[in-house]
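Below: coords-v2.cif (mmCIF, C-alpha atoms and all ligand atoms)
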data_protein
loop_
_atom_site.group_PDB
_atom_site.id
_atom_site.type_symbol
_atom_site.label_atom_id
_atom_site.label_comp_id
_atom_site.auth_asym_id
_atom_site.auth_seq_id
_atom_site.Cartn_x
_atom_site.Cartn_y
_atom_site.Cartn_z
ATOM 1 C CA MET A 1343 116.061 91.884 77.779
ATOM 2 C CA THR A 1344 114.253 89.800 80.393
ATOM 3 C CA THR A 1345 112.768 86.473 79.377
ATOM 4 C CA THR A 1346 109.483 85.355 80.912
ATOM 5 C CA LEU A 1347 109.568 81.644 81.613
ATOM 6 C CA HIS A 1348 106.591 79.426 80.991
ATOM 7 C CA PHE A 1349 105.225 77.713 84.095
ATOM 8 C CA ASP A 1350 106.486 74.282 83.034
ATOM 9 C CA GLN A 1351 109.997 75.767 82.633
ATOM 10 C CA GLU A 1352 109.799 77.403 86.074
ATOM 11 C CA VAL A 1353 108.830 74.050 87.595
ATOM 12 C CA MET A 1354 111.689 72.290 85.811
ATOM 13 C CA ASN A 1355 114.120 74.904 87.158
ATOM 14 C CA LEU A 1356 112.840 74.242 90.675
ATOM 15 C CA LEU A 1357 113.397 70.524 90.123
ATOM 16 C CA HIS A 1358 116.859 70.926 88.662
ATOM 17 C CA ALA A 1359 118.749 70.220 91.890
ATOM 18 C CA ALA A 1360 116.523 67.259 92.776
ATOM 19 C CA GLY A 1361 117.449 65.220 89.702
ATOM 20 C CA GLY A 1362 114.878 62.990 88.030
ATOM 21 C CA GLU A 1363 113.932 63.013 84.374
ATOM 22 C CA PRO A 1364 112.078 65.985 82.804
ATOM 23 C CA LEU A 1365 108.302 66.050 83.247
ATOM 24 C CA SER A 1366 108.011 66.318 79.466
ATOM 25 C CA THR A 1367 109.094 62.655 79.225
ATOM 26 C CA CYS A 1368 105.988 61.514 81.150
ATOM 27 C CA ILE A 1369 104.050 58.926 79.147
ATOM 28 C CA GLN A 1370 100.882 59.322 81.261
ATOM 29 C CA CYS A 1371 100.940 55.647 82.263
ATOM 30 C CA ALA A 1372 99.402 56.531 85.680
ATOM 31 C CA MET A 1373 101.692 54.215 87.645
ATOM 32 C CA CYS A 1374 102.306 57.146 90.023
ATOM 33 C CA SER A 1375 98.576 57.673 90.616
ATOM 34 C CA ALA A 1376 97.946 53.950 91.079
ATOM 35 C CA SER A 1377 100.741 53.807 93.686
ATOM 36 C CA CYS A 1378 99.669 56.928 95.561
ATOM 37 C CA PRO A 1379 97.941 56.316 98.937
ATOM 38 C CA ALA A 1380 96.778 59.939 99.057
ATOM 39 C CA ALA A 1381 95.251 60.024 95.555
ATOM 40 C CA PRO A 1382 91.623 59.602 96.757
ATOM 41 C CA PHE A 1383 91.964 62.881 98.670
ATOM 42 C CA MET A 1384 93.599 64.843 95.854
ATOM 43 C CA ASP A 1385 91.821 67.219 93.447
ATOM 44 C CA ASP A 1386 94.082 65.903 90.681
ATOM 45 C CA SER A 1387 96.027 62.649 90.647
ATOM 46 C CA PRO A 1388 99.830 62.917 90.319
ATOM 47 C CA ARG A 1389 99.529 61.838 86.675
ATOM 48 C CA ARG A 1390 96.946 64.508 85.935
ATOM 49 C CA LEU A 1391 98.937 67.185 87.756
ATOM 50 C CA ILE A 1392 101.933 66.437 85.528
ATOM 51 C CA ALA A 1393 99.697 66.645 82.456
ATOM 52 C CA LEU A 1394 98.447 70.056 83.632
ATOM 53 C CA ILE A 1395 102.018 71.287 84.117
ATOM 54 C CA ASN A 1396 103.065 70.040 80.694
ATOM 55 C CA ALA A 1397 100.077 71.908 79.268
ATOM 56 C CA ASP A 1398 101.353 75.042 81.078
ATOM 57 C CA LEU A 1399 98.084 75.412 83.045
ATOM 58 C CA ARG A 1400 99.610 77.296 85.984
ATOM 59 C CA ASP A 1401 96.394 78.567 87.592
ATOM 60 C CA GLN A 1402 94.778 75.143 87.524
ATOM 61 C CA VAL A 1403 97.858 73.554 89.100
ATOM 62 C CA LEU A 1404 98.135 76.157 91.870
ATOM 63 C CA ALA A 1405 94.407 75.846 92.660
ATOM 64 C CA SER A 1406 94.824 72.106 93.231
ATOM 65 C CA ASN A 1407 95.155 70.592 96.703
ATOM 66 C CA THR A 1408 97.269 67.749 95.295
ATOM 67 C CA PHE A 1409 100.750 68.833 96.342
ATOM 68 C CA TRP A 1410 99.480 69.863 99.798
ATOM 69 C CA THR A 1411 97.874 66.435 100.215
ATOM 70 C CA CYS A 1412 100.975 64.439 99.234
ATOM 71 C CA ALA A 1413 102.220 62.298 102.132
ATOM 72 C CA SER A 1414 105.834 62.183 100.829
ATOM 73 C CA CYS A 1415 105.904 58.393 100.736
ATOM 74 C CA PHE A 1416 107.912 58.382 97.455
ATOM 75 C CA ALA A 1417 105.993 55.364 96.060
ATOM 76 C CA CYS A 1418 105.384 57.318 92.834
ATOM 77 C CA THR A 1419 109.076 58.099 92.454
ATOM 78 C CA GLU A 1420 110.065 54.486 93.100
ATOM 79 C CA ARG A 1421 107.687 53.150 90.479
ATOM 80 C CA CYS A 1422 107.792 55.673 87.642
ATOM 81 C CA PRO A 1423 109.039 53.770 84.572
ATOM 82 C CA ARG A 1424 110.518 56.991 83.129
ATOM 83 C CA GLY A 1425 112.625 57.968 86.135
ATOM 84 C CA ILE A 1426 110.505 61.051 86.890
ATOM 85 C CA ASP A 1427 110.405 62.158 90.537
ATOM 86 C CA PRO A 1428 106.788 63.190 91.294
ATOM 87 C CA ALA A 1429 107.486 63.283 95.058
ATOM 88 C CA GLN A 1430 110.083 66.035 94.619
ATOM 89 C CA LEU A 1431 107.670 67.759 92.264
ATOM 90 C CA MET A 1432 105.149 67.997 95.121
ATOM 91 C CA TYR A 1433 107.773 69.663 97.339
ATOM 92 C CA ALA A 1434 108.736 72.044 94.533
ATOM 93 C CA LEU A 1435 105.117 73.060 93.965
ATOM 94 C CA ARG A 1436 104.619 73.780 97.671
ATOM 95 C CA ARG A 1437 107.656 76.074 97.640
ATOM 96 C CA TYR A 1438 106.515 77.729 94.419
ATOM 97 C CA SER A 1439 102.978 78.217 95.721
ATOM 98 C CA ILE A 1440 104.181 79.969 98.893
ATOM 99 C CA TRP A 1441 106.794 81.952 97.003
ATOM 100 C CA LYS A 1442 104.105 83.298 94.658
ATOM 101 C CA GLY A 1443 101.456 83.557 97.395
ATOM 102 C CA VAL A 1444 98.933 81.558 95.364
ATOM 103 C CA HIS A 1445 97.039 78.612 96.851
ATOM 104 C CA ARG A 1446 93.615 77.483 97.964
ATOM 105 C CA GLU A 1447 92.601 79.420 101.068
ATOM 106 C CA ASP A 1448 90.933 76.514 102.877
ATOM 107 C CA LEU A 1449 94.071 74.378 103.261
ATOM 108 C CA VAL A 1450 96.110 73.925 106.446
ATOM 109 C CA GLY A 1451 99.337 73.204 104.566
ATOM 110 C CA PRO A 1452 100.292 76.685 103.297
ATOM 111 C CA ASP A 1453 99.826 78.393 106.677
ATOM 112 C CA PHE A 1454 101.593 75.551 108.486
ATOM 113 C CA SER A 1455 104.525 75.609 106.042
ATOM 114 C CA ARG A 1456 104.890 79.382 106.266
ATOM 115 C CA ARG A 1457 104.918 79.236 110.078
ATOM 116 C CA PHE A 1458 107.420 76.379 110.001
ATOM 117 C CA VAL A 1459 109.873 78.149 107.686
ATOM 118 C CA ARG A 1460 109.509 81.474 109.540
ATOM 119 C CA THR A 1461 110.219 79.705 112.822
ATOM 120 C CA ILE A 1462 113.287 78.004 111.373
ATOM 121 C CA LEU A 1463 114.544 81.316 109.975
ATOM 122 C CA ARG A 1464 113.933 83.127 113.272
ATOM 123 C CA ASN A 1465 115.465 80.512 115.569
ATOM 124 C CA GLY A 1466 117.482 78.133 113.419
ATOM 125 C CA LYS A 1467 115.401 75.295 114.802
ATOM 126 C CA SER A 1468 111.839 74.137 115.183
ATOM 127 C CA TYR A 1469 109.406 75.349 117.878
ATOM 128 C CA GLU A 1470 106.189 73.315 117.763
ATOM 129 C CA PRO A 1471 103.816 75.623 119.732
ATOM 130 C CA GLY A 1472 104.299 78.250 117.023
ATOM 131 C CA TYR A 1473 102.493 76.059 114.467
ATOM 132 C CA ALA A 1474 99.387 75.418 116.556
ATOM 133 C CA PRO A 1475 97.294 78.314 115.154
ATOM 134 C CA ALA A 1476 97.507 76.705 111.699
ATOM 135 C CA PHE A 1477 95.651 73.547 112.729
ATOM 136 C CA ILE A 1478 94.245 73.822 116.256
ATOM 137 C CA TRP A 1479 90.671 74.455 115.060
ATOM 138 C CA GLU A 1480 90.709 71.747 112.383
ATOM 139 C CA GLY A 1481 88.828 69.302 114.632
ATOM 140 C CA GLY A 1482 86.440 71.989 115.936
ATOM 141 C CA PHE A 1483 86.105 72.634 119.677
ATOM 142 C CA PRO A 1484 86.633 68.972 120.731
ATOM 143 C CA GLY A 1485 89.758 68.834 118.571
ATOM 144 C CA MET A 1486 91.094 72.007 120.151
ATOM 145 C CA VAL A 1487 90.523 70.573 123.645
ATOM 146 C CA ARG A 1488 92.404 67.399 122.637
ATOM 147 C CA GLU A 1489 95.318 69.453 121.296
ATOM 148 C CA VAL A 1490 95.506 71.535 124.491
ATOM 149 C CA GLN A 1491 95.353 68.414 126.675
ATOM 150 C CA GLY A 1492 98.190 66.880 124.640
ATOM 151 C CA ALA A 1493 100.243 70.056 124.944
ATOM 152 C CA LEU A 1494 99.716 70.155 128.726
ATOM 153 C CA ARG A 1495 100.897 66.543 129.037
ATOM 154 C CA LEU A 1496 104.025 67.374 127.041
ATOM 155 C CA LEU A 1497 104.608 70.490 129.162
ATOM 156 C CA ARG A 1498 104.370 68.494 132.391
ATOM 157 C CA LYS A 1499 106.975 66.044 131.068
ATOM 158 C CA GLY A 1500 109.277 68.878 130.019
ATOM 159 C CA ARG A 1501 108.899 67.976 126.325
ATOM 160 C CA LEU A 1502 107.417 71.305 125.230
ATOM 161 C CA PRO A 1503 109.509 74.439 125.819
ATOM 162 C CA LEU A 1504 107.592 77.618 126.681
ATOM 163 C CA ILE A 1505 110.164 79.862 124.993
ATOM 164 C CA PRO A 1506 111.955 78.989 121.720
ATOM 165 C CA SER A 1507 115.740 78.706 121.859
ATOM 166 C CA ARG A 1508 118.093 79.925 119.107
ATOM 167 C CA ILE A 1509 121.190 78.565 117.468
ATOM 168 C CA LYS A 1510 124.415 80.624 117.667
ATOM 169 C CA ASP A 1511 125.204 81.537 114.048
ATOM 170 C CA LEU A 1512 121.704 82.507 112.982
ATOM 171 C CA ASP A 1513 122.877 84.910 110.239
ATOM 172 C CA GLY A 1514 125.075 82.241 108.654
ATOM 173 C CA PHE A 1515 122.218 79.769 108.844
ATOM 174 C CA ARG A 1516 119.815 82.200 107.148
ATOM 175 C CA ARG A 1517 122.323 82.885 104.365
ATOM 176 C CA MET A 1518 122.677 79.138 103.781
ATOM 177 C CA ILE A 1519 118.893 78.637 103.601
ATOM 178 C CA GLY A 1520 118.579 81.631 101.267
ATOM 179 C CA ARG A 1521 120.930 79.930 98.820
ATOM 180 C CA ILE A 1522 118.728 76.823 98.753
ATOM 181 C CA ILE A 1523 115.199 78.242 98.549
ATOM 182 C CA PRO A 1524 113.712 81.642 97.644
ATOM 183 C CA LEU A 1525 112.748 83.313 100.926
ATOM 184 C CA GLU A 1526 110.205 85.706 99.407
ATOM 185 C CA GLY A 1527 106.804 84.924 100.877
ATOM 186 C CA PHE A 1528 108.339 83.775 104.165
ATOM 187 C CA GLU A 1529 109.853 86.989 105.513
HETATM 188 S S1 LIG B 1 104.465 57.007 86.556
HETATM 189 FE FE1 LIG B 1 105.915 58.440 85.574
HETATM 190 S S2 LIG B 1 105.517 58.244 83.359
HETATM 191 FE FE2 LIG B 1 103.779 57.327 84.417
HETATM 192 S S3 LIG B 1 102.267 59.005 84.589
HETATM 193 FE FE3 LIG B 1 103.470 59.022 86.485
HETATM 194 S S4 LIG B 1 105.135 60.460 86.114
HETATM 195 FE FE4 LIG B 1 104.249 59.926 84.104
HETATM 196 S S1 LIG B 2 105.039 60.857 97.354
HETATM 197 FE FE1 LIG B 2 103.076 61.932 97.410
HETATM 198 S S2 LIG B 2 102.324 61.899 95.299
HETATM 199 FE FE2 LIG B 2 103.919 60.336 95.476
HETATM 200 S S3 LIG B 2 102.821 58.434 95.944
HETATM 201 FE FE3 LIG B 2 103.451 59.318 97.913
HETATM 202 S S4 LIG B 2 101.699 60.567 98.563
HETATM 203 FE FE4 LIG B 2 101.423 60.138 96.374
#
Let me see the file written as structure tokens.
Amino acid sequence: MTTTLHFDQEVMNLLHAAGGEPLSTCIQCAMCSASCPAAPFMDDSPRRLIALINADLRDQVLASNTFWTCASCFACTERCPRGIDPAQLMYALRRYSIWKGVHREDLVGPDFSRRFVRTILRNGKSYEPGYAPAFIWEGGFPGMVREVQGALRLLRKGRLPLIPSRIKDLDGFRRMIGRIIPLEGFE
């Protein structure tokens, strides 16, 4: 018999390896939101996002830009009086969102993350030019020109390879990554 997990249980499973106290112990004090430099740009503050998870409101959580807007500064984690780790929660929700293929369509983050992980899986290392399509039009035409000018400067200085290089034991590397994160949605 297969058991269907509630969303809040799925999130807690994703957070298991990261440590931190369960989200259910959140007292909604809002210290995380008050500490968060990115909160003004978020659909839901970190405190509210945790409340939505605890209420098992999966669709509302996945439709939020909050975890894609997080700047990973860890101020929330440092200051939570209950030992909860909201910063790791933001990472977990990004992975979950890509794994399930559910997110807001107008965000740069999901496309960028997918390209990043695919590149890492293909080469075993990063290759910056491969991410450009995810963000190059964000600043419109002037922004694109700026990006291209920056890339040309890096090319001239030999800081931007034209062809990605690969590590030797790529299969071993992919197996290791597959044990850490679900690769569905990336391959
Ligand atoms: S600081 Fe901790 S206890 Fe307070 S709302 Fe945020 S996660 Fe909950
Ligand atoms: S880690 Fe993210 S959610 Fe936490 S305070 Fe920093 S920007 Fe905000």
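Straight-line separation from CA of Val1459 in chain A to CA of Ile1519 in chain A: 9.9 Å.
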Could you give me, as CSV, a per-residue list for chain A showing, wherever an atom lies at most 6 Å from an atom of ligand LIG 2 (chain B), the closest pair of atoms and their distance in Å to one decimal, using all atoms listed in the file and sorting by chain then residue number from low to high?
residue,atom,partner,partner_atom,distance
A:Ser1377,CA,B:LIG2,S3,5.6
A:Cys1378,CA,B:LIG2,S3,3.5
A:Pro1379,CA,B:LIG2,S4,5.7
A:Ala1380,CA,B:LIG2,S4,5.0
A:Pro1388,CA,B:LIG2,S2,5.7
A:Cys1412,CA,B:LIG2,FE1,3.7
A:Ala1413,CA,B:LIG2,S4,4.0
A:Ser1414,CA,B:LIG2,S1,3.8
A:Cys1415,CA,B:LIG2,FE3,3.9
A:Phe1416,CA,B:LIG2,S1,3.8
A:Ala1417,CA,B:LIG2,S3,4.4
A:Cys1418,CA,B:LIG2,S3,4.2
A:Pro1428,CA,B:LIG2,FE2,5.8
A:Ala1429,CA,B:LIG2,S1,4.1
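Reported to one decimal place, the separation of CA of Arg1424 in chain A from CA of Ile1440 in chain A is 28.6 Å.
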(Q) Could you list the protein, DNA and RNA residues that have any atom within 12 Å of ligand LIG 1 (chain B), counting only C-alpha atoms and all ligand atoms, and write them as a VMD selection string? (A) chain A and resid 1362 to 1378 1387 to 1396 1416 to 1432
Q: Run the PyMOL selection byres (((chain A and resi 1407) around 12) and not hetatm) on the file and write out the hits as a ChimeraX atom specification.
A: /A:1380-1388,1391,1402-1406,1408-1412,1432,1435-1436,1439,1444-1452
Q. Where does the PyMOL selection byres (((chain A and resi 1343-1357) around 6) and not hetatm) land in this file, that is, which residues does it pick, as a list in words?
A. His1358, Ala1359, Ala1360, Ile1395, Asn1396, Asp1398 and Arg1400 of chain A
(Q) Show me the residues around (111.1, 81.0, 111.9) - criterion: an atom at most 12 Å away, all atoms listed in the file counted - as a PyMOL selection string. (A) chain A and resi 1454-1473+1506-1509+1512+1515-1516+1519+1525+1528-1529
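Separating CA of Gly1482 in chain A from CA of Asp1453 in chain A is a distance of 17.5 Å.
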Q: Step by step, work through what the PyMOL selection byres (((chain A and resi 1490) around 12) and not hetatm) selects in the shown file, and finish by giving those residues as a PyMOL selection string.
A: chain A and resi 1471+1474-1475+1477-1479+1483-1489+1491-1497+1502
(Q) Under the rule that all atoms listed in the file are counted, which of A:Gly1481, A:Tyr1433, A:Arg1501, A:Leu1399 is the nearest residue to Ile1523 in chain A? (A)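 When distances to Ile1523 in chain A are compared using all atoms listed in the file, the smallest one comes from A:Tyr1433.
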